[in-house]
Amino acid sequence: MKMVKSLLLGSAAGLVAVAGAQAADLPVKAKAVEYVKVCSLYGAGFYYIPGTDTCIKIGGFVRAEWDHNAAGSFAPYVDGTNGLYTRDGNVLNQRARGVVTFDTRSQTEFGTLRSYLRAGWQWTSQDATVGGSAATVYLDRAFIQIAGFTFGKTQSFFDFFCTGCYSLMTNKLWVDTGGSGTPLAAYTAQLGNGVTATLSIEDYTEQRLPIVDANVAVATLWPAGATQTALNRGYNIPDIVGNIRVDQAWGSAQVMGALHNNAANYYGAAGANITSHPDEEWGWAVGAGLTLKMPWNAKDTLSGHVTYCEGAARYCSNPSAALGSGSGFGLVNEGEIGVGWIADAYYNASSVGSQLDLTQAFSAVAAFEHYWTPTLRTSIYGGYFEFEANSALVDTRCTAVARVGGGTLGAGCADWSAWQVGSRTLWNPVANLDVGLDIIYTEVDSAMKGGSYAQATDGLPPTLIVNDTHVWSGIFRVQRNFWP
């Protein structure tokens with residue numbers, strides 16, 4: 001009996017020991033995994049940031065493109081060395097660009113709090129290194145929105161026409177800050193039934209063009225590749241922009257206006273330690289735009305806008321540089337040169353008491369896009385820009401410039417215009433992949449027409465006759481998009 005009892009007790013002790021050993025070997029229970037949760041409050045693509053009530057959407061695109069007679073993102077070669085079309089210029093241009101976006105939103109007692117960031121990197125032909133160390137890094141969106149307010153860098157509230165909806169190009173003949181953005185502080189009021197009204201205080205330097213000394217010879221103001229010496233004072237007063245907009249099932253419409261302060265630097269040649277300067281003048285711009293969805297297919301659209309500017313010419317145009325060289329056209333074609341430089345105002349910088357003469361400009365753009373199939377669409381677009389110096393001082397200089405064949409250019413020699421027409425076809429072989437081809441024709445109705453321009457550039461005649469010129473440009477682009 002004792003033996004049986006001992007065996008039972010030994011067996012029980014062994015079982016307890018084994019069970020204890022097994023329990024010790026078991027892993028500690030892991031904390032429950034916190035899975036990413038879809039956020040349906042703001043549309044597709046949003047997720048809750050784990051542990052918060054904030055939703056985020058990550059997006060962007062990767063792009064490769066090849067341009068003919070155009071810079072990256074399709075800015076036609078109409079100025080500088082490339083606009084001369086000699087062997088020193090670039091006929092073919094290649095670019096690769098990558099962009100990321102972060103759209104973050106949450107609900108507060110003041111409504112939705114939103115922050116948005118869009119930044120990217122790009123490499124373009126002629127950049128210093130192919131490896132990427134010299135690639136351009138840029139930021140075109142960084143803003144915060146709450147309770148109707150917008151603070152940061154985003155598209156100007158003066159803009160209406162969507163260039164990227166119809167073209168692959170960076171336009172030059174109408175205003176669109178969509179590709180660059182502008183720093184601003186704005187308030188948008190919701191008036192009901194799709195109607196909004198916005199008042200925006202926007203960065204002055206984004207829309208600033210040169211204030212130019214009209215006392216220098218006109219021939220030095222508008223040659224190809226020359227610099228209009230900017231005599232603007234430093235940044236002092238921001239631009240004031242306002243719009244009223246309606247968005248409904250049939251499309252959208254907008255009227256907009258802007259005030260732009262023109263302030264020159266000191267008179268420069270009247271003596272030492274000059275402290276006087278011209279009086280400041282307010283420039284202004286007004287515009288209206290309309291987009292219609294076609295009744296047979298809401299994806300087919302017709303859109304356009306018109307703008308008039310006085311002393312605020314960049315609201316009517318988009319020159320390649322806001323201030324200084326490149327603010328205009330200098331296009332060579334078949335031994336002739338078409339020129340036209342854009343400015344906000346003129347004055348005689350060497351004459352104390354000379355006041356600002358504000359320039360005038362007008363622009364119009366229209367486009368139509370048609371979907372042939374859900375994956376294939378074509379757009380046709382065109383734009384027109386007209387510039388008038390509107391300056392008695394400049395007209396005085398014009399009368400001193402000789403015309404080929406006798407006489408002088410006469411008043412208005414600084415006035416010019418240009419127009420463009422183009423077509424883009426975009427194919428989506430699979431979702432979120434764009435394959436596009438865009439062709440555009442640019443015509444410059446030149447300033448100083450009938451004059452001549454002496455130059456020493458290799459590959460060109462020693463004297464260029466100033467006349468209307470033109471150029472064909474094109475782009476082929478492949479772009480992979482993900483959430484915007």
# chains A, B, ... in the order shown; residues from 1 in each chain; ligands from 1
$ residues_around --residues "Ile475 of chain A" --least-positions-apart "3" --cutoff "6 Å" --atoms "only C-alpha atoms" --output "PyMOL selection string"
chain A and resi 66-67+437-438
$ write_last_selection --atoms "N, CA and C atoms" --output "short mmCIF file (atom, residue, chain, number, x, y, z; two decimals), in the first residue's frame"
data_model
loop_
_atom_site.label_atom_id
_atom_site.label_comp_id
_atom_site.auth_asym_id
_atom_site.auth_seq_id
_atom_site.Cartn_x
_atom_site.Cartn_y
_atom_site.Cartn_z
N TRP A 66 9.45 64.54 -72.22
CA TRP A 66 10.40 64.95 -73.23
C TRP A 66 9.80 66.14 -73.98
N ASP A 67 10.54 67.27 -74.02
CA ASP A 67 10.02 68.50 -74.61
C ASP A 67 10.81 68.87 -75.86
N LEU A 437 0.31 63.67 -75.17
CA LEU A 437 1.04 64.39 -76.20
C LEU A 437 0.38 65.75 -76.38
N ASP A 438 1.19 66.82 -76.36
CA ASP A 438 0.68 68.18 -76.46
C ASP A 438 1.50 68.94 -77.51
#
$ closest_atom_pairs --of "segment 262-283 of chain A" --to "segment 337-351 of chain A" --cutoff "9 Å" --atoms "only C-alpha atoms" --output "CSV"
residue,atom,partner,partner_atom,distance
A:Asn262,CA,A:Asp344,CA,7.4
A:Ala264,CA,A:Tyr347,CA,8.7
A:Asn265,CA,A:Ala349,CA,8.5
A:Tyr266,CA,A:Ala349,CA,7.6
A:Tyr267,CA,A:Ala349,CA,4.9
A:Gly268,CA,A:Ser350,CA,5.5
A:Ala269,CA,A:Ser350,CA,4.5
A:Ala270,CA,A:Ser350,CA,5.8
A:His277,CA,A:Ala349,CA,8.5
A:Pro278,CA,A:Tyr347,CA,8.1
A:Gly283,CA,A:Asp344,CA,8.1
$ write_last_selection --atoms "C-alpha atoms" --output "compact mmCIF listing (two decimals), in the first residue's frame"
# COMPACT_ATOMS: atom_id res chain seq x y z
CA ASN A 262 3.59 100.02 -57.47
CA ALA A 264 9.72 102.73 -57.28
CA ASN A 265 13.16 103.17 -55.79
CA TYR A 266 14.90 106.55 -55.42
CA TYR A 267 15.72 108.84 -58.30
CA GLY A 268 19.21 107.72 -59.13
CA ALA A 269 21.11 110.28 -61.20
CA ALA A 270 20.23 113.67 -59.76
CA HIS A 277 11.22 109.04 -55.25
CA PRO A 278 8.05 108.93 -57.39
CA GLY A 283 -2.36 99.05 -60.00
$ closest_residue --among "A:Ala456, A:Leu356, A:Leu331, A:Ala366" --to "Val78 of chain A" --atoms "only C-alpha atoms"
A:Leu331
$ residues_around --residues "Lys449 of chain A" --least-positions-apart "4" --cutoff "8 Å" --atoms "only C-alpha atoms" --output "VMD selection string"
chain A and resid 338 409 413 466 to 468
$ write_last_selection --atoms "C-alpha atoms" --output "compact mmCIF listing (two decimals), in the first residue's frame"
# COMPACT_ATOMS: atom_id res chain seq x y z
CA GLY A 338 9.96 89.23 -82.31
CA LEU A 409 9.29 103.79 -84.96
CA CYS A 413 6.65 101.08 -80.37
CA VAL A 466 12.36 93.18 -85.74
CA ASN A 467 9.18 91.56 -87.00
CA ASP A 468 6.49 89.04 -86.07
$ select_by_dssp --residues "segment 83-252 of chain A" --states "helix (DSSP H, G or I)" --output "JSON, numbers by chain"
{"A": [83, 84, 163, 164, 165, 205, 206, 207, 218, 219, 220, 221]}
$ select_by_dssp --residues "segment 167-343 of chain A" --states "strand (DSSP E or B)" --output "PyMOL selection string"
chain A and resi 182-192+195-202+211-213+232+239-248+251-262+264+281-294+297-310+328-333+336-341
$ closest_residue --among "A:Val332, A:Ile439, A:Ala263, A:Ile144" --to "Pro210 of chain A" --atoms "only C-alpha atoms"
A:Ala263
